[in-house]
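**Q** There's a structure below that I have some questions on.
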Protein chains: 2
Amino acid sequence: MNKNLLCLALCMFLVLSISAQKIMGFTEAAAQKQIAWEKLLDENIQASNQDQYMQFLTSHPHHVGSPQDEKNAKYMADLFKKWGYQTSIESYYVLFPTPKLRKLELLGDNYFNASLMEPVVKEDKTSGQLDEQLPPYNAYSADGDVTAELVFVNRGVPADYEELDRRGISVKGKIVIAKYGGSWRGIKPKVAAEHGAIGCIIYSDPADDGYARGDTYPKGGFRPKEGAQRGSVMDMPIYPGDPLTPNIGATKDAKRLKIAEVKTIMKIPVIPISWGDALPFLKSLQGEVVPPSWRGGLPITYHIGPSNEKVHLQLAFNWDIKKINDVIAKIPGSVWPDEWVIAGNHHDAWVNGAQDPISGMVAELEDARAIGELVKKGFAPKRTIVFCAWDGEEPALLGSTEWAEDHQKEIQQKAVAYINTDDNGRGYINAGGSHTFEPFFNEIIEQVIDPETGVSLKERKYAQKLVNAKSTDRSKLMNEKDMKLDALGAGSDWGSFLQHLGIPTLQLGFGGEEKGTQYHSTYDSYDFFTRFIDPHFFYGVALSQTTGRVIMRLANAELMPIDFTSFYTTLCSYIDQIKKMLSDTRRETADLTEMQKEKLFSLVEDPDVVYAAPKEEKPVPFLNFSSLDNAMVSLKKASETFKNLYKKGFLLSADKKKKLNEILYKAEQSLLQQKGLPNREWYRHQIYAPGFYTGYGVKTIPGVRESIEQRKWNEAQTNIVIVANTIQNYTAQILAANKLLE
Amino acid sequence: MNKNLLCLALCMFLVLSISAQKIMGFTEAAAQKQIAWEKLLDENIQASNQDQYMQFLTSHPHHVGSPQDEKNAKYMADLFKKWGYQTSIESYYVLFPTPKLRKLELLGDNYFNASLMEPVVKEDKTSGQLDEQLPPYNAYSADGDVTAELVFVNRGVPADYEELDRRGISVKGKIVIAKYGGSWRGIKPKVAAEHGAIGCIIYSDPADDGYARGDTYPKGGFRPKEGAQRGSVMDMPIYPGDPLTPNIGATKDAKRLKIAEVKTIMKIPVIPISWGDALPFLKSLQGEVVPPSWRGGLPITYHIGPSNEKVHLQLAFNWDIKKINDVIAKIPGSVWPDEWVIAGNHHDAWVNGAQDPISGMVAELEDARAIGELVKKGFAPKRTIVFCAWDGEEPALLGSTEWAEDHQKEIQQKAVAYINTDDNGRGYINAGGSHTFEPFFNEIIEQVIDPETGVSLKERKYAQKLVNAKSTDRSKLMNEKDMKLDALGAGSDWGSFLQHLGIPTLQLGFGGEEKGTQYHSTYDSYDFFTRFIDPHFFYGVALSQTTGRVIMRLANAELMPIDFTSFYTTLCSYIDQIKKMLSDTRRETADLTEMQKEKLFSLVEDPDVVYAAPKEEKPVPFLNFSSLDNAMVSLKKASETFKNLYKKGFLLSADKKKKLNEILYKAEQSLLQQKGLPNREWYRHQIYAPGFYTGYGVKTIPGVRESIEQRKWNEAQTNIVIVANTIQNYTAQILAANKLLE
């Protein structure tokens, strides 16, 4: 081959490579332009800007109602305006209790008065802003003044109380102490109260986030002896948002419930403490030694209790209405201004909140700035882009929920997607959301480069999966390069969009290489973040590049990049899980019944230790899954047909294209049922919800899954049919889309 | 039915029930008599006697060479004589090093001088006998005076050094500190020395046996801050017994190796310490945080090291020859005096040794007394019963090994079985040994009653298995009522009998409900034992009843109660395990090679942390198992035939019966190979051996299994053939028995 020929071949190869870069929802020509804009986006994203935003936003405590909270809203609104956005601050008026009196004492000979505070750390320049800080407390705890013996309840989830029952230990009339972790914190006092406890202490055990895991702050990044985790205990698995205004926006003149009518406020007093404060209480516990899985990392023998000495817990709160400030910034779409791509994150924190939430907020801000720059250079997104900075996420997802409830009709009409970026770390891309986005999102992470290794985010994620897999699973996982999206439970502002309004959603962030955590502590500061989380904002930049692409592609796609087969496949796996859970429960119940008949449990009793047999349960019936199975057959067929027809969408008339897109982005709404889930109508999505007894943790197909978990067989059967009907409704949308395409 | 008829029917039923009580190896008539004697045995066993023996035997420290050690031997010899036994004390002369100088210091700014002692506890009346105690030390450590940086090596087993390698940390020229547990202690300095370490510290972490598990002594039974575990570090996986006289008895004039020639003495200095002493050393460690599975229970962040400060370890020992005293007591057999049933346990301890070994010794003594009583009342065992009380088990199984080596020809000619009862606790029967004894042993535990629940030992053991099983395994285990015998590795005096001489063996004891452990500590005292282990000697009595039956039945059986099909079935499961291990290793190696080719390990590297990919390994070949598979087919057929013909044995002439029994009890010897296992010829048994790199833990079919674990494929192939030949030899014995029976 002569030189010219070689050169020609190389050029051909390059052209072919470039033209091979397709993007879902774009024609090949449009894809080339889009990729060029994305390259410009990458060049525009600046770590130094993120650093600068963070320095301002974390300079003082900025919880709901604080001066800095309002300053931050204004700071961001000014930035958005400067960058060319139509910007407003939308305010709501919400119930937000703050502590008036907090007292926790161990009475008796070993009197101890808990400090209930996080001391100043000289290496952390904002830790000394004591006057401005909210001290450690649990928002929406009851007021109360209780004195009683103490019982240790492990994580405080229902399974722990089954263990206590078998040991003959009741928490009725007692104060319980639970370790953080294993569930969302609000579950702990809720379950304690269900079992008759009159108070609840939650502490951070060093096995979970302290010295057992790594050096503690300020030497290392893990929670120190005095570190405490603030947080809400509102019963958000019922409904989030302002407790006084369920389902409607908490506008100034909204109709409000009386506090006494509210179901989501915790019924007993509850307080979070550090392990330094917890130690004397744990040492006071008598009775049996805890089961091995309950042990923590403190240098004591953990006992269940009750304590000989009594504990006195006294809490009183200011039950005030506070103003919260959501910042809403828009660039109107050039073709379809009535279709909105919404990107949001909260800006309020428990104290200075560098990682939670500012790490996610600064990535969003830098996206807004960079996209603003691109617009000035001629980038004209077809759809409207909406950037939101929510207030009041920490207490109860207040800002996002009130805004979503206030504008629900408009959002359900216009929102094509909601993208959230709460809490960024370092390491590997994490993503959860609507499974119809899976192929779309995989295209994006193939193109964003990991700052530490120089390969794509997707390649690195795949490497993580393989390297961390059990050796027995590796062969199976090998070459499964596509990243699966997680299902979303609770934990940040996507809740209203996905689970209440049915908007297709993504939550994005990086994690896995952080060198500690100061979750909901004073020490989650700029100093902490830049030493132990993402020192050079490398992953802040990567997050902006990823989220920026998601926003720009969704805003500019000719066809919504939706794949129903990914949803179908994922749904199949959930149904398989549920069927397996049912048959496992049936087999386990039968085995336990047989073992009880043979008195096997009484034969393993140690005469020195009370440990009764597990509660007897009735046999588990077979349920009729046929409606669901049939619905899935239709879904499969419709999804595959849509996938085959998809490219024909580019050839449709403008009108029909608009109609098709509307069907696609609204399809998720047909997964809602207006009656909501059993006993919690606010949660309407029939596929994804936070667990009623896990809080953060997702329960997929929750109506069926949780009914089975709770052995409510009739409710399970009813919900199988409801879910089957829901899937039929969903399939009808796909068929409508197919009809347009055929 | 009239009253008389009813009465008749009931009587018939009772007669039938009684006559239904069959015993393996006995005619029905003989079985009834035997059962009557056993009933008398049960009535004779007295907890108060066991208590009294224990009080004497634990009254002072009684390690090898101590005055109380000799007193105990004499005390027991006198008892045996009093009970009618032909009794002798057989003495051997063994190398037993005791500490002359022990020093362990942390140098530098945080200077710390380890106490290396267990303080007096006022609730423990023998803990103050300081002058008589051997302080915490590791017998057969090297003398040494070393100063170096410290590295934490977790359990100190080979897999831990692979982790260190991946982190770029070498122990060459360093002192290592390892947690107790995860292997026999002697493995830790051996592997450390193989990796170039110059000293070794072993400490008791509270996560393993201290406050994490339960209240510590004297409040509870777990190891206190100052508790240390003495113990031998001789390289017993090579050969146990006197290091100077391998393969022969250490008689006064035996030909001895020079110390310098001995391979089993540890090559580096090593010392055991309490966690109280370990804490300053662990705190001195720098470098990376340990992987999660390496963490212990101390209130620190565990780091790998090396330390900035240096550690100074200086040890010197008296390398003396000590006299040990084995007590041997016999009742001659009435029919076959040249067939011996041997029951043994050691009597020496590290300090006062109530649980280890006296709990097992007092059960043996009470069996000897009760059987002596029965003999006076007319019980005339057909075979000779030999009770042994071994000295010097703790340093290196000295007493049993020297006696077995000294009398090896006689033992291999006469011994029909060896029964060991080291360490008794409370709760569930534990048993390991030759699998040909499985049905025989199951008959016995059907008839001994558990003192806590009133059901048979077997029923309670079954209940434990079911209740503790994973719920997914229960259906499979349900109705598998027979107890499986464990395979025996190392840990007590059965080693020489089973693994060197091929004598069918059982090790028996109870466990599971102890309220602590003071293993190899001063605090393993009478006070400790009677508070936390077996307060009323209920399980001491149960052990005597169980072991007494084993001895009496083996001594009196017309036909040896041997079942080859149980051995066959167990052997099949070992071969399946090995084949699976080979194919798992093949798949894992291929996966890792593929992952290395794709550079997946480098993609999960955190730039702040050194963590290299695992070492590359060559592909795993397929091995030829056909010789073994063919041998198993023959074994299966011969075993089943024997089982079918077994009862014909009762009809044989006295001569042929004797010949048959000899074949049966000597069959186990055909599982030996004179060349022994690879690189350790003392261990001749081809089916059971202690692991070369686990120590206590058994490796079944060790020649094949360990070769595969160590990726020595040629050695594995060679050993498959050796094991196949061994099984053919064994099958030949069964065929010879079958021929007699046909």
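Letters A, B, ... mark the chains of the structure tokens in the order given; residue numbers begin at 1 per chain; ligand numbers begin at 1, in order shown.
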Please identify all residues of chain B having at least one atom at most 8 Å from any atom of chain A, considering only C-alpha atoms, and return them as a VMD selection string.
**A** chain B and resid 211 to 215 289 292 295 297 to 302 427 452 to 453 455 460 463 to 464 466 to 467 471 to 472 474 to 475 513 584 587 to 588 591 595 600 to 601 603 to 604 606 to 607
**Q** Need the shell around range 189-193 of chain B: protein/DNA/RNA residues with any atom at most 7 Å away, counting only C-alpha atoms. Skip same-chain ones fewer than 2 positions apart. Format as a list in words?
**A**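 Within the cut-off, the hits are Gly156, Val157, Pro158, Gly186, Ile187, His195, Gly196, Ala197, Ile198, Cys200, Met266, Lys267, Ile268 and Val270 of chain B.
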**Q** I want to know what sits within 7 Å of range 315-330 of chain B, based on only C-alpha atoms, with residues of the same chain fewer than 4 positions away left out; could you give that as a tab-separated table (two decimals) with C-alpha atoms, in the first residue's frame?
**A**
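Dumped to selection_18.tsv:
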```tsv
chain	number	residue	atom	x	y	z
B	64	VAL	CA	4.80	-31.31	81.84
B	65	GLY	CA	7.55	-31.54	84.43
B	70	GLU	CA	3.57	-36.23	88.50
B	73	ALA	CA	-0.33	-39.41	87.29
B	77	ALA	CA	-2.73	-44.80	88.80
B	80	PHE	CA	-7.17	-47.37	88.55
B	85	TYR	CA	-7.07	-52.42	86.85
B	86	GLN	CA	-3.62	-53.73	85.94
B	87	THR	CA	-1.94	-50.36	86.04
B	88	SER	CA	1.44	-48.99	85.12
B	89	ILE	CA	3.02	-45.61	84.60
B	90	GLU	CA	5.05	-45.59	81.40
B	91	SER	CA	7.53	-42.76	81.21
B	92	TYR	CA	9.24	-41.11	78.25
B	93	TYR	CA	11.93	-38.45	78.05
B	94	VAL	CA	11.10	-35.59	75.78
B	95	LEU	CA	12.40	-32.19	74.74
B	96	PHE	CA	10.20	-29.59	76.43
B	97	PRO	CA	11.34	-25.97	76.35
B	98	THR	CA	10.20	-23.59	79.10
B	99	PRO	CA	10.74	-19.82	79.15
B	100	LYS	CA	13.91	-18.36	80.61
B	101	LEU	CA	13.48	-14.84	79.27
B	102	ARG	CA	10.46	-13.14	77.64
B	103	LYS	CA	10.57	-9.50	76.60
B	143	ASP	CA	15.21	-18.43	70.91
B	144	GLY	CA	15.75	-14.99	69.50
B	145	ASP	CA	16.45	-11.31	70.02
B	269	PRO	CA	10.75	-16.35	67.98
B	384	THR	CA	-9.22	-56.15	76.86
B	385	ILE	CA	-10.14	-52.63	77.88
B	386	VAL	CA	-7.22	-50.19	78.13
B	387	PHE	CA	-7.65	-46.81	79.80
B	388	CYS	CA	-4.85	-44.31	79.18
B	389	ALA	CA	-4.07	-40.95	80.73
B	390	TRP	CA	-1.54	-39.25	78.51
B	391	ASP	CA	1.02	-36.74	79.62
B	392	GLY	CA	2.44	-33.96	77.46
B	399	GLY	CA	2.60	-38.93	75.71
```
**Q** DSSP on the backbone: what in range 464-681 of chain A comes out helix (DSSP H, G or I), as a ChimeraX atom specification?
**A** /A:464-468,471-477,494-500,526-533,538-556,564-597,600-603,626-651,654-671
**Q** Provide the CA of Asn113 in chain B to CA of Ala278 in chain B distance in Å, to one decimal place.
**A** 10.5 Å
**Q** Rounded to one decimal place, report the CA of Asp493 in chain A-CA of Tyr418 in chain A distance in Å.
**A**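 CA of Tyr418 in chain A lies at a distance of 9.6 Å from CA of Asp493 in chain A.
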**Q** Considering only C-alpha atoms, return as a VMD selection string whatever protein or nucleic-acid residues lie within 7 Å of range 564-574 of chain B, sequence-local ones (same chain, fewer than 3 positions apart) excluded.
**A** chain B and resid 435 to 436 438 577 to 578 635 to 636 639 to 640 700
**Q** One decimal, Å: what's the distance from CA of Met361 in chain A over to CA of Gly540 in chain A, could you say?
**A**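 Separating CA of Met361 in chain A from CA of Gly540 in chain A is a distance of 9.6 Å.
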**Q** Between B:Tyr730, B:Tyr111, B:Tyr140, B:Tyr688, which is the closest to Arg185 in chain B once you count only C-alpha atoms?
**A**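 Among B:Tyr730, B:Tyr111, B:Tyr140, B:Tyr688, it is B:Tyr140 that comes nearest to Arg185 in chain B.
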**Q** I'd like the neighbourhood of Gln686 in chain B as a PyMOL selection string, where a residue qualifies if any of its atoms comes within 10 Å (using only C-alpha atoms), though same-chain residues fewer than 6 positions away should be ignored.
**A** chain B and resi 499+502+670-673+676-677+700-704+719+722-724+726-727
